[in-house]
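Visitor: File entry22.csv follows (CSV, C-alpha atoms and all ligand atoms):
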chain,number,residue,atom,x,y,z
A,1,ALA,CA,-91.9,-23.9,210.9
A,2,ILE,CA,-94.3,-23.9,208.0
A,3,ALA,CA,-92.9,-20.7,206.4
A,4,ASN,CA,-89.4,-22.2,206.5
A,5,ASN,CA,-90.4,-25.2,204.4
A,6,ASN,CA,-88.9,-24.0,201.2
A,7,SER,CA,-88.7,-27.2,199.3
A,8,LEU,CA,-92.4,-27.6,198.9
A,9,LYS,CA,-94.0,-27.4,195.5
A,10,PRO,CA,-96.6,-24.7,195.7
A,11,ASN,CA,-99.5,-26.7,194.2
A,12,LYS,CA,-98.8,-30.0,195.8
A,13,THR,CA,-100.5,-30.6,199.1
A,14,PRO,CA,-97.3,-30.7,201.3
A,15,HIS,CA,-97.5,-33.9,203.3
A,16,VAL,CA,-96.6,-32.2,206.5
A,17,PHE,CA,-100.0,-30.5,206.1
A,18,ARG,CA,-101.9,-33.4,204.7
A,19,ARG,CA,-104.3,-35.4,206.7
A,20,LYS,CA,-103.1,-38.0,204.2
A,21,LEU,CA,-101.1,-41.0,204.6
A,22,LYS,CA,-97.3,-41.1,204.7
A,23,ARG,CA,-95.7,-41.4,201.3
A,24,GLY,CA,-93.3,-44.1,200.2
A,25,HIS,CA,-95.7,-47.1,200.2
A,26,HIS,CA,-97.3,-46.8,196.7
A,27,SER,CA,-94.4,-48.4,194.9
A,28,VAL,CA,-95.0,-51.6,196.7
A,29,ILE,CA,-98.8,-51.8,196.1
A,30,SER,CA,-99.5,-54.9,194.2
A,31,VAL,CA,-102.9,-54.7,192.5
A,32,PRO,CA,-104.6,-57.9,191.3
A,33,GLY,CA,-106.3,-58.2,187.8
A,34,THR,CA,-109.6,-58.8,189.6
A,35,MET,CA,-110.4,-56.8,192.7
A,36,LYS,CA,-112.7,-58.6,195.0
A,37,ASP,CA,-113.6,-59.0,198.6
A,38,LYS,CA,-113.7,-62.3,200.6
A,39,ASP,CA,-117.3,-63.1,199.7
A,40,GLU,CA,-116.9,-62.0,196.2
A,41,THR,CA,-119.9,-59.6,196.5
A,42,HIS,CA,-117.7,-56.9,194.9
A,43,LEU,CA,-115.9,-57.8,191.7
A,44,TYR,CA,-114.0,-55.4,189.5
A,45,THR,CA,-111.7,-56.1,186.6
A,46,LYS,CA,-108.6,-53.9,186.2
A,47,HIS,CA,-108.8,-52.0,182.9
A,48,SER,CA,-106.1,-49.3,182.7
A,49,PHE,CA,-104.0,-47.2,185.0
A,50,LEU,CA,-105.4,-43.7,185.8
A,51,GLY,CA,-102.8,-42.2,188.1
A,52,GLU,CA,-100.9,-42.4,191.3
A,53,GLY,CA,-101.3,-40.1,194.4
A,54,GLY,CA,-99.6,-39.8,197.7
A,55,PHE,CA,-100.8,-43.1,199.0
A,56,ALA,CA,-102.9,-44.7,196.4
A,57,LYS,CA,-102.8,-46.1,192.9
A,58,CYS,CA,-105.9,-45.4,190.8
A,59,TYR,CA,-107.2,-47.7,188.0
A,60,LYS,CA,-110.1,-47.6,185.6
A,61,VAL,CA,-112.1,-50.8,186.5
A,62,PHE,CA,-114.9,-52.7,184.9
A,63,CYS,CA,-117.9,-53.9,186.9
A,64,PRO,CA,-120.2,-56.9,186.0
A,65,ASN,CA,-123.1,-54.3,185.9
A,66,GLY,CA,-121.5,-53.2,182.6
A,67,ARG,CA,-120.1,-49.9,183.9
A,68,PHE,CA,-116.6,-48.5,184.4
A,69,TYR,CA,-115.5,-46.9,187.7
A,70,ALA,CA,-112.3,-45.6,189.3
A,71,ALA,CA,-110.7,-47.8,191.9
A,72,LYS,CA,-108.4,-46.2,194.4
A,73,VAL,CA,-106.1,-48.9,195.9
A,74,ILE,CA,-104.4,-48.4,199.2
A,75,SER,CA,-101.9,-50.9,200.5
A,76,LYS,CA,-102.7,-52.2,204.0
A,77,SER,CA,-99.1,-52.0,204.9
A,78,THR,CA,-99.6,-48.2,205.0
A,79,LEU,CA,-102.2,-48.7,207.7
A,80,HIS,CA,-100.0,-50.4,210.2
A,81,ASP,CA,-99.6,-46.9,211.5
A,82,GLU,CA,-102.7,-46.1,213.6
A,83,LYS,CA,-102.6,-42.4,212.6
A,84,ASN,CA,-102.8,-43.4,209.0
A,85,ARG,CA,-105.8,-45.7,209.7
A,86,ILE,CA,-107.7,-42.9,211.5
A,87,LYS,CA,-106.9,-40.5,208.6
A,88,LEU,CA,-108.1,-42.9,205.9
A,89,PHE,CA,-111.3,-43.7,207.8
A,90,ALA,CA,-112.0,-40.0,208.3
A,91,GLU,CA,-111.6,-39.4,204.6
A,92,ILE,CA,-113.9,-42.4,203.8
A,93,SER,CA,-116.6,-41.5,206.3
A,94,ILE,CA,-116.8,-37.9,205.0
A,95,HIS,CA,-116.7,-38.8,201.3
A,96,ARG,CA,-119.2,-41.6,201.5
A,97,SER,CA,-121.7,-39.3,203.3
A,98,LEU,CA,-121.8,-36.9,200.4
A,99,ASN,CA,-124.2,-37.3,197.6
A,100,HIS,CA,-124.2,-34.5,195.0
A,101,ARG,CA,-124.0,-34.3,191.2
A,102,SER,CA,-120.8,-32.2,191.3
A,103,ILE,CA,-119.0,-34.4,193.8
A,104,VAL,CA,-117.2,-37.6,192.8
A,105,ARG,CA,-119.6,-40.3,193.9
A,106,PHE,CA,-118.3,-42.7,196.5
A,107,LEU,CA,-119.8,-46.1,195.6
A,108,ASN,CA,-118.3,-48.5,198.1
A,109,CYS,CA,-115.2,-49.8,199.6
A,110,PHE,CA,-113.9,-53.2,200.5
A,111,GLU,CA,-110.7,-55.0,201.3
A,112,ASP,CA,-108.8,-58.2,200.5
A,113,LEU,CA,-105.8,-59.6,202.3
A,114,THR,CA,-103.4,-56.9,201.0
A,115,ASN,CA,-105.3,-53.8,200.0
A,116,ILE,CA,-108.2,-51.4,200.7
A,117,TYR,CA,-110.3,-50.5,197.6
A,118,LEU,CA,-112.4,-47.4,197.2
A,119,ILE,CA,-114.7,-47.5,194.2
A,120,LEU,CA,-115.4,-44.0,192.9
A,121,GLU,CA,-117.3,-42.5,190.0
A,122,LEU,CA,-115.0,-42.4,187.0
A,123,CYS,CA,-113.9,-39.0,185.7
A,124,ASP,CA,-112.9,-39.6,182.1
A,125,ASN,CA,-111.5,-36.1,181.3
A,126,LYS,CA,-108.9,-35.6,184.0
A,127,THR,CA,-108.9,-32.4,185.9
A,128,LEU,CA,-108.9,-28.6,185.3
A,129,VAL,CA,-105.0,-28.8,185.5
A,130,GLU,CA,-104.8,-30.6,182.2
A,131,LEU,CA,-107.5,-28.4,180.6
A,132,LEU,CA,-105.7,-25.2,181.7
A,133,ARG,CA,-102.3,-26.6,180.7
A,134,SER,CA,-103.4,-27.1,177.1
A,135,ARG,CA,-105.2,-23.8,176.9
A,136,LYS,CA,-103.1,-21.4,179.0
A,137,ARG,CA,-106.2,-19.6,180.2
A,138,LEU,CA,-110.0,-20.0,179.8
A,139,THR,CA,-112.7,-17.5,178.7
A,140,GLU,CA,-115.1,-15.9,181.1
A,141,PRO,CA,-118.1,-18.0,180.0
A,142,GLU,CA,-116.1,-21.2,180.5
A,143,VAL,CA,-115.0,-20.0,184.0
A,144,ARG,CA,-118.6,-19.2,184.8
A,145,PHE,CA,-119.6,-22.7,183.7
A,146,TYR,CA,-117.0,-24.5,185.9
A,147,LEU,CA,-117.3,-22.2,188.9
A,148,ILE,CA,-121.1,-22.5,189.2
A,149,GLN,CA,-120.6,-26.3,189.5
A,150,VAL,CA,-117.8,-25.9,192.1
A,151,LEU,CA,-119.9,-23.4,194.0
A,152,ASP,CA,-122.9,-25.7,193.9
A,153,ALA,CA,-120.8,-28.6,195.4
A,154,CYS,CA,-119.4,-26.2,198.0
A,155,ARG,CA,-122.8,-24.9,199.0
A,156,TYR,CA,-123.9,-28.5,199.5
A,157,MET,CA,-120.8,-29.3,201.6
A,158,HIS,CA,-121.1,-26.2,203.7
A,159,ASP,CA,-124.8,-26.8,204.3
A,160,ASN,CA,-123.8,-30.2,205.7
A,161,ARG,CA,-121.0,-28.7,207.8
A,162,VAL,CA,-118.2,-30.2,205.7
A,163,ILE,CA,-115.2,-28.0,204.7
A,164,HIS,CA,-113.2,-29.4,201.8
A,165,ARG,CA,-109.9,-27.5,202.6
A,166,ASP,CA,-108.1,-28.5,199.5
A,167,ILE,CA,-110.1,-26.9,196.6
A,168,LYS,CA,-107.7,-26.5,193.7
A,169,LEU,CA,-107.4,-27.3,190.0
A,170,SER,CA,-106.1,-30.8,190.5
A,171,ASN,CA,-109.0,-31.8,192.8
A,172,THR,CA,-111.5,-30.5,190.3
A,173,PHE,CA,-112.2,-33.5,188.1
A,174,LEU,CA,-114.0,-33.5,184.8
A,175,ASP,CA,-116.4,-36.3,183.8
A,176,LYS,CA,-117.1,-37.6,180.3
A,177,ASN,CA,-119.5,-34.6,179.6
A,178,MET,CA,-117.0,-32.1,180.9
A,179,ASN,CA,-119.0,-31.5,184.0
A,180,VAL,CA,-117.1,-30.8,187.3
A,181,LYS,CA,-116.8,-33.4,190.1
A,182,MET,CA,-115.0,-32.3,193.2
A,183,GLY,CA,-112.8,-35.0,194.6
A,184,ASP,CA,-110.1,-35.8,197.1
A,185,PHE,CA,-111.6,-35.5,200.6
A,186,GLY,CA,-108.2,-36.3,202.3
A,187,LEU,CA,-108.2,-32.9,204.1
A,188,ALA,CA,-111.9,-32.4,204.5
A,189,ALA,CA,-113.3,-31.7,208.0
A,190,LEU,CA,-116.7,-32.1,209.5
A,191,LEU,CA,-117.7,-29.3,211.9
A,192,VAL,CA,-119.5,-30.3,215.1
A,193,ASP,CA,-121.9,-27.3,214.8
A,194,ARG,CA,-122.2,-24.0,213.1
A,195,ASN,CA,-119.7,-22.3,215.5
A,196,ASP,CA,-117.1,-25.0,215.5
A,197,ARG,CA,-113.7,-24.0,214.2
A,198,LYS,CA,-110.7,-26.1,213.0
A,199,LYS,CA,-107.1,-25.4,214.0
A,200,THR,CA,-105.2,-27.9,211.9
A,201,ILE,CA,-102.8,-26.2,209.5
A,202,CYS,CA,-103.6,-27.7,206.2
A,203,GLY,CA,-104.0,-26.9,202.5
A,204,THR,CA,-101.8,-26.2,199.5
A,205,PRO,CA,-99.5,-23.2,199.5
A,206,ASN,CA,-100.9,-21.4,196.5
A,207,TYR,CA,-104.5,-21.9,197.7
A,208,ILE,CA,-104.2,-21.6,201.5
A,209,ALA,CA,-106.4,-19.0,203.2
A,210,PRO,CA,-104.6,-16.4,205.3
A,211,GLU,CA,-106.5,-17.3,208.5
A,212,ILE,CA,-105.0,-20.8,208.4
A,213,LEU,CA,-101.5,-19.3,208.3
A,214,PHE,CA,-101.9,-16.3,210.6
A,215,GLU,CA,-104.9,-16.7,212.9
A,216,LYS,CA,-104.6,-18.7,216.1
A,217,THR,CA,-108.4,-18.7,216.6
A,218,GLY,CA,-109.0,-21.4,213.9
A,219,HIS,CA,-110.8,-21.4,210.6
A,220,ASP,CA,-114.2,-22.4,209.1
A,221,HIS,CA,-115.9,-22.9,205.7
A,222,LYS,CA,-114.7,-19.5,204.5
A,223,VAL,CA,-111.3,-21.1,203.7
A,224,ASP,CA,-113.0,-22.8,200.8
A,225,MET,CA,-114.2,-19.4,199.5
A,226,TRP,CA,-110.6,-18.1,199.4
A,227,SER,CA,-109.5,-21.2,197.4
A,228,ILE,CA,-112.4,-20.6,195.0
A,229,GLY,CA,-111.0,-17.0,194.5
A,230,VAL,CA,-107.6,-18.5,193.7
A,231,LEU,CA,-109.2,-21.0,191.4
A,232,MET,CA,-111.1,-18.3,189.5
A,233,TYR,CA,-108.1,-16.1,189.1
A,234,THR,CA,-105.9,-19.0,187.9
A,235,LEU,CA,-108.5,-20.1,185.3
A,236,LEU,CA,-108.8,-16.6,183.9
A,237,VAL,CA,-105.2,-15.5,184.1
A,238,GLY,CA,-103.2,-18.7,183.7
A,239,THR,CA,-101.0,-18.2,186.8
A,240,HIS,CA,-101.7,-18.4,190.5
A,241,PRO,CA,-102.3,-15.0,192.1
A,242,PHE,CA,-99.8,-15.5,194.9
A,243,GLN,CA,-97.3,-17.5,193.0
A,244,GLN,CA,-93.6,-17.0,194.1
A,245,SER,CA,-90.4,-18.9,193.7
A,246,GLU,CA,-90.5,-20.1,197.3
A,247,VAL,CA,-93.3,-21.0,199.7
A,248,LYS,CA,-92.2,-18.5,202.3
A,249,TYR,CA,-92.6,-15.7,199.7
A,250,ILE,CA,-96.1,-17.0,198.8
A,251,TYR,CA,-97.1,-16.6,202.4
A,252,ARG,CA,-95.5,-13.2,202.6
A,253,LYS,CA,-97.5,-12.1,199.5
A,254,ILE,CA,-100.7,-13.6,201.1
A,255,LYS,CA,-100.0,-11.5,204.2
A,256,ALA,CA,-99.4,-8.4,202.1
A,257,ASN,CA,-102.8,-8.8,200.6
A,258,GLU,CA,-104.4,-7.2,203.7
A,259,GLY,CA,-106.3,-4.1,202.7
A,260,LYS,CA,-105.3,-4.0,199.0
A,261,PRO,CA,-104.5,-6.6,196.4
A,262,SER,CA,-100.9,-7.8,196.5
A,263,TYR,CA,-101.5,-9.7,193.2
A,264,LYS,CA,-101.8,-8.2,189.6
A,265,LEU,CA,-105.2,-7.9,187.9
A,266,PRO,CA,-104.5,-7.9,184.2
A,267,THR,CA,-106.3,-5.3,182.1
A,268,TYR,CA,-108.0,-7.9,179.8
A,269,LEU,CA,-110.1,-9.1,182.8
A,270,GLY,CA,-113.7,-7.8,182.7
A,271,GLU,CA,-114.8,-5.4,185.5
A,272,ASP,CA,-117.2,-7.9,187.0
A,273,ALA,CA,-114.5,-10.6,187.1
A,274,LYS,CA,-112.0,-8.2,188.7
A,275,ASP,CA,-114.6,-7.1,191.3
A,276,LEU,CA,-115.5,-10.7,192.2
A,277,ILE,CA,-111.9,-11.8,192.6
A,278,THR,CA,-111.2,-9.0,194.9
A,279,LYS,CA,-114.2,-9.8,197.0
A,280,LEU,CA,-113.1,-13.4,197.4
A,281,LEU,CA,-109.5,-12.8,198.0
A,282,VAL,CA,-110.2,-10.8,201.2
A,283,ASN,CA,-107.9,-11.6,204.1
A,284,GLU,CA,-110.6,-11.1,206.7
A,285,PRO,CA,-112.9,-14.2,206.5
A,286,SER,CA,-116.0,-12.4,207.8
A,287,GLN,CA,-115.7,-9.9,204.9
A,288,ARG,CA,-115.2,-12.6,202.2
A,289,LEU,CA,-118.2,-13.5,200.1
A,290,SER,CA,-120.1,-16.7,200.8
A,291,VAL,CA,-121.5,-19.1,198.1
A,292,PRO,CA,-124.9,-17.4,197.8
A,293,GLU,CA,-123.3,-14.0,197.6
A,294,VAL,CA,-120.9,-15.1,194.9
A,295,LEU,CA,-123.8,-16.6,192.9
A,296,SER,CA,-125.7,-13.3,193.0
A,297,HIS,CA,-122.7,-11.3,191.9
A,298,ASN,CA,-122.9,-9.5,188.6
A,299,PHE,CA,-120.2,-11.8,187.2
A,300,PHE,CA,-122.7,-14.6,187.2
A,301,GLN,CA,-125.9,-12.5,186.8
A,302,ARG,CA,-124.9,-10.5,183.7
A,303,GLY,CA,-122.4,-12.7,181.9
A,304,LYS,CA,-122.9,-15.4,179.3
A,305,LEU,CA,-123.2,-19.0,180.6
A,306,PRO,CA,-122.7,-21.9,178.2
A,307,CYS,CA,-125.1,-24.8,178.9
A,308,ARG,CA,-122.3,-27.3,178.1
A,309,ILE,CA,-118.6,-27.3,177.2
A,310,PRO,CA,-117.5,-29.6,174.3
A,311,LYS,CA,-114.4,-31.7,174.6
A,312,ILE,CA,-112.8,-29.6,171.9
A,313,ALA,CA,-112.2,-27.1,174.7
A,314,PHE,CA,-109.0,-29.1,175.4
A,315,GLN,CA,-107.7,-27.9,172.0
A,316,ARG,CA,-109.2,-24.4,171.5
A,317,ILE,CA,-111.8,-21.9,172.7
A,318,PRO,CA,-115.2,-23.6,172.1
A,319,THR,CA,-116.8,-21.7,169.1
A,320,ASP,CA,-120.4,-22.0,170.2
A,321,GLU,CA,-119.8,-19.4,172.9
A,401,LIG,P1,-103.8,-37.5,195.3
A,401,LIG,O1,-102.9,-38.3,196.1
A,401,LIG,O2,-103.2,-36.4,194.5
A,401,LIG,O3,-105.0,-37.0,196.0
A,401,LIG,P2,-105.4,-39.6,194.3
A,401,LIG,O4,-104.7,-40.7,195.1
A,401,LIG,O5,-106.7,-39.2,194.7
A,401,LIG,O6,-104.4,-38.4,194.1
A,401,LIG,O7,-105.5,-40.0,192.8
A,401,LIG,C1,-104.3,-40.3,192.0
A,401,LIG,C2,-104.6,-40.0,190.5
A,401,LIG,O8,-105.6,-40.9,190.1
A,401,LIG,C3,-105.1,-38.6,190.3
A,401,LIG,O9,-104.1,-37.8,189.9
A,401,LIG,C4,-106.1,-38.9,189.1
A,401,LIG,O10,-105.3,-38.8,187.9
A,401,LIG,C5,-106.5,-40.2,189.2
A,401,LIG,N1,-107.9,-40.3,189.8
A,401,LIG,C6,-108.3,-40.2,191.1
A,401,LIG,N2,-109.6,-40.3,191.2
A,401,LIG,C7,-110.1,-40.4,190.0
A,401,LIG,C8,-111.5,-40.6,189.5
A,401,LIG,N3,-112.5,-40.6,190.2
A,401,LIG,N4,-111.6,-40.7,188.1
A,401,LIG,C9,-110.5,-40.7,187.3
A,401,LIG,N5,-109.2,-40.6,187.7
A,401,LIG,C10,-109.0,-40.4,189.1
Would you write the structure of this file as structure tokens?

Guide:
Amino acid sequence: AIANNNSLKPNKTPHVFRRKLKRGHHSVISVPGTMKDKDETHLYTKHSFLGEGGFAKCYKVFCPNGRFYAAKVISKSTLHDEKNRIKLFAEISIHRSLNHRSIVRFLNCFEDLTNIYLILELCDNKTLVELLRSRKRLTEPEVRFYLIQVLDACRYMHDNRVIHRDIKLSNTFLDKNMNVKMGDFGLAALLVDRNDRKKTICGTPNYIAPEILFEKTGHDHKVDMWSIGVLMYTLLVGTHPFQQSEVKYIYRKIKANEGKPSYKLPTYLGEDAKDLITKLLVNEPSQRLSVPEVLSHNFFQRGKLPCRIPKIAFQRIPTDE
């Protein structure tokens, strides 16, 4: 059934897969100028509109403590459906339990009569989607800089038995200093123990690991390592490795990756980059590198690593590289 779903956009999390709320409610969300709970212990002033997702509207808000945050607003009408309620509470309970410099900080949540409000760390510089869109592709030092932060967040999640399951450019936010903050825990799962496996089919077509599609025995944290391989390739090459005109062909190309790469490795890629990509995009999860193995790979050990990326990177290759 999944492979027949041709109409899906390859980089959108299809909502048949999403542990997200049903679409169609965001247009009716009415968001007050001041967001506050009954006791007025939380008080945030609406500043500007940030964006709209599957079920939430997101605003930049100002807090009396003098700081700006991002407020994700979800209409309570979406939560009449019990399944939606359970899903939202799962997302909240996983996200609020995480505390790491490369993960969007979850500050608090509250409700009024009509909405639920999630107050999150503000990411001023959008996501890697916008950065890549204006640059076409990034240099190896830049990719090293961003990937190290994604990997660090991932190591922390995996050490805490959390799998993100939707690592992709649009969930990799950039803060005001151009540092990475992983966000959107709408598909994340908490494993009961180290041997626990998940069976829900979820993810985003271009980033989905083969074992989610083709293995009945379930999946574990190694699905995030596959997505990191897709992310690395996309940042360096400018297109997704398994990109095809229809989702069913993407899955066919992922299946065909067994044994030898079914994607192209352009000649301008360095040898270490090519080697690391092929060791991440391995169909057999037990053969795929883990976070510590990726970090000790020559791509990270031998290559140049900038200590920061300036905002000018949105316009051109940063010159101090
Ligand atoms: P999705 O449904 O794609 O997961 P969200 O509902 O999480 O999207 O967010 C909708 C939009 O709001 C995003 O595309 C992004 O532009 C913006 N946004 C979300 N979280 C933040 C944040 N912490 N800081 C800044 N902008 C954010």

Visitor: Nearest to ligand LIG 401 (chain A): which of A:Thr204, A:Ser102, A:Ser170, A:Ser245 is it, counting all atoms listed in the file?

Guide: A:Ser170

Visitor: As an exercise, work out the distance from CA of Leu132 in chain A to atom O9 of ligand LIG 401 (chain A) in Å and give it to one decimal place.

Guide: 15.1 Å

Visitor: Check every protein, DNA and RNA residue against ligand LIG 401 (chain A), keep those with an atom at most 9 Å away (counting all atoms listed in the file), and present them as a VMD selection string.

Guide: chain A and resid 12 to 13 20 49 to 60 69 to 74 104 to 106 119 to 127 170 to 171 173 to 175 181 183 to 186

Visitor: Against range 305-315 of chain A, which residues of range 128-245 of chain A fall within 10 Å? For each one I want the closest pair of atoms and the distance in Å (one decimal), counting all atoms listed in the file, rows by chain and increasing residue number, as a Markdown table.

Guide:
| residue | atom | partner | partner_atom | distance |
| --- | --- | --- | --- | --- |
| A:Leu128 | CA | A:Phe314 | CA | 9.9 |
| A:Glu130 | CA | A:Phe314 | CA | 8.1 |
| A:Leu131 | CA | A:Phe314 | CA | 5.5 |
| A:Leu132 | CA | A:Phe314 | CA | 8.1 |
| A:Arg133 | CA | A:Phe314 | CA | 8.9 |
| A:Ser134 | CA | A:Phe314 | CA | 6.2 |
| A:Arg135 | CA | A:Phe314 | CA | 6.7 |
| A:Leu138 | CA | A:Ala313 | CA | 9.0 |
| A:Glu140 | CA | A:Leu305 | CA | 8.7 |
| A:Pro141 | CA | A:Leu305 | CA | 5.2 |
| A:Glu142 | CA | A:Pro306 | CA | 7.0 |
| A:Val143 | CA | A:Leu305 | CA | 8.9 |
| A:Arg144 | CA | A:Leu305 | CA | 6.2 |
| A:Phe145 | CA | A:Leu305 | CA | 6.0 |
| A:Tyr146 | CA | A:Ile309 | CA | 9.3 |
| A:Ile148 | CA | A:Leu305 | CA | 9.5 |
| A:Lys176 | CA | A:Lys311 | CA | 8.6 |
| A:Asn177 | CA | A:Pro310 | CA | 7.6 |
| A:Met178 | CA | A:Ile309 | CA | 6.3 |
| A:Asn179 | CA | A:Arg308 | CA | 8.0 |

Visitor: Next, dump the selected residues to file, keeping only C-alpha atoms, as a PDB file, keeping the file's coordinate frame.

Guide:
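Result file is again.pdb:
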ATOM      1  CA  LEU A 128    -108.900 -28.600 185.300  1.00  0.00           C
ATOM      2  CA  GLU A 130    -104.800 -30.600 182.200  1.00  0.00           C
ATOM      3  CA  LEU A 131    -107.500 -28.400 180.600  1.00  0.00           C
ATOM      4  CA  LEU A 132    -105.700 -25.200 181.700  1.00  0.00           C
ATOM      5  CA  ARG A 133    -102.300 -26.600 180.700  1.00  0.00           C
ATOM      6  CA  SER A 134    -103.400 -27.100 177.100  1.00  0.00           C
ATOM      7  CA  ARG A 135    -105.200 -23.800 176.900  1.00  0.00           C
ATOM      8  CA  LEU A 138    -110.000 -20.000 179.800  1.00  0.00           C
ATOM      9  CA  GLU A 140    -115.100 -15.900 181.100  1.00  0.00           C
ATOM     10  CA  PRO A 141    -118.100 -18.000 180.000  1.00  0.00           C
ATOM     11  CA  GLU A 142    -116.100 -21.200 180.500  1.00  0.00           C
ATOM     12  CA  VAL A 143    -115.000 -20.000 184.000  1.00  0.00           C
ATOM     13  CA  ARG A 144    -118.600 -19.200 184.800  1.00  0.00           C
ATOM     14  CA  PHE A 145    -119.600 -22.700 183.700  1.00  0.00           C
ATOM     15  CA  TYR A 146    -117.000 -24.500 185.900  1.00  0.00           C
ATOM     16  CA  ILE A 148    -121.100 -22.500 189.200  1.00  0.00           C
ATOM     17  CA  LYS A 176    -117.100 -37.600 180.300  1.00  0.00           C
ATOM     18  CA  ASN A 177    -119.500 -34.600 179.600  1.00  0.00           C
ATOM     19  CA  MET A 178    -117.000 -32.100 180.900  1.00  0.00           C
ATOM     20  CA  ASN A 179    -119.000 -31.500 184.000  1.00  0.00           C
TER      21      ASN A 179
END

Visitor: Restricting the calculation to all atoms listed in the file: of A:Ile29, A:Leu265, A:Leu280, A:Val291, which residue gets closest to Ala153 in chain A?

Guide: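 Smallest distance to Ala153 in chain A is found for A:Val291.
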
Visitor: Find the residue from A:Met157, A:Ala188, A:Leu43, A:Ile167 that sits nearest to Asn108 in chain A; use all atoms listed in the file when measuring.

Guide: A:Leu43

Visitor: Suppose you want the space between CA of Thr78 in chain A and CA of Leu113 in chain A; what is it in Å?

Guide: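 Between CA of Thr78 in chain A and CA of Leu113 in chain A the gap is 13.3 Å.
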
Visitor: Would you please work out which residue, of A:Lys216, A:His95, A:Lys255, A:His47, is nearest to Leu187 in chain A when using all atoms listed in the file?

Guide: A:His95

Visitor: What does the structure give for the distance between CA of Glu91 in chain A and CA of Ala189 in chain A, in Å to one decimal?

Guide: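 If I compute the distance from CA of Glu91 in chain A to CA of Ala189 in chain A, I get 8.6 Å.
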
Visitor: Rank nothing, just name the residue among A:Val230, A:Leu79, A:Ile208, A:Val247 nearest to Ile277 in chain A, using all atoms listed in the file.

Guide: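 The answer is A:Val230, which sits nearest to Ile277 in chain A.
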
Visitor: Given the choices A:Glu246, A:Glu111, A:Cys63, A:Gly270, which gets closest to Phe299 in chain A if the distance is worked out from all atoms listed in the file?

Guide: A:Gly270

Visitor: Find the residues near range 257-263 of chain A: any atom within 10 Å, counting all atoms listed in the file, skip ones fewer than 3 places away on the same chain, and give them as a ChimeraX atom specification.

Guide: /A:210,240-243,251-254,266,277-278,281-284

Visitor: With all atoms listed in the file as the counted atoms, please give the residues lying no more than 8 Å from Cys109 in chain A, apart from itself and same-chain residues fewer than 3 positions off, as a list in words.

Guide: Ile116, Tyr117, Leu118 and Ile119 of chain A
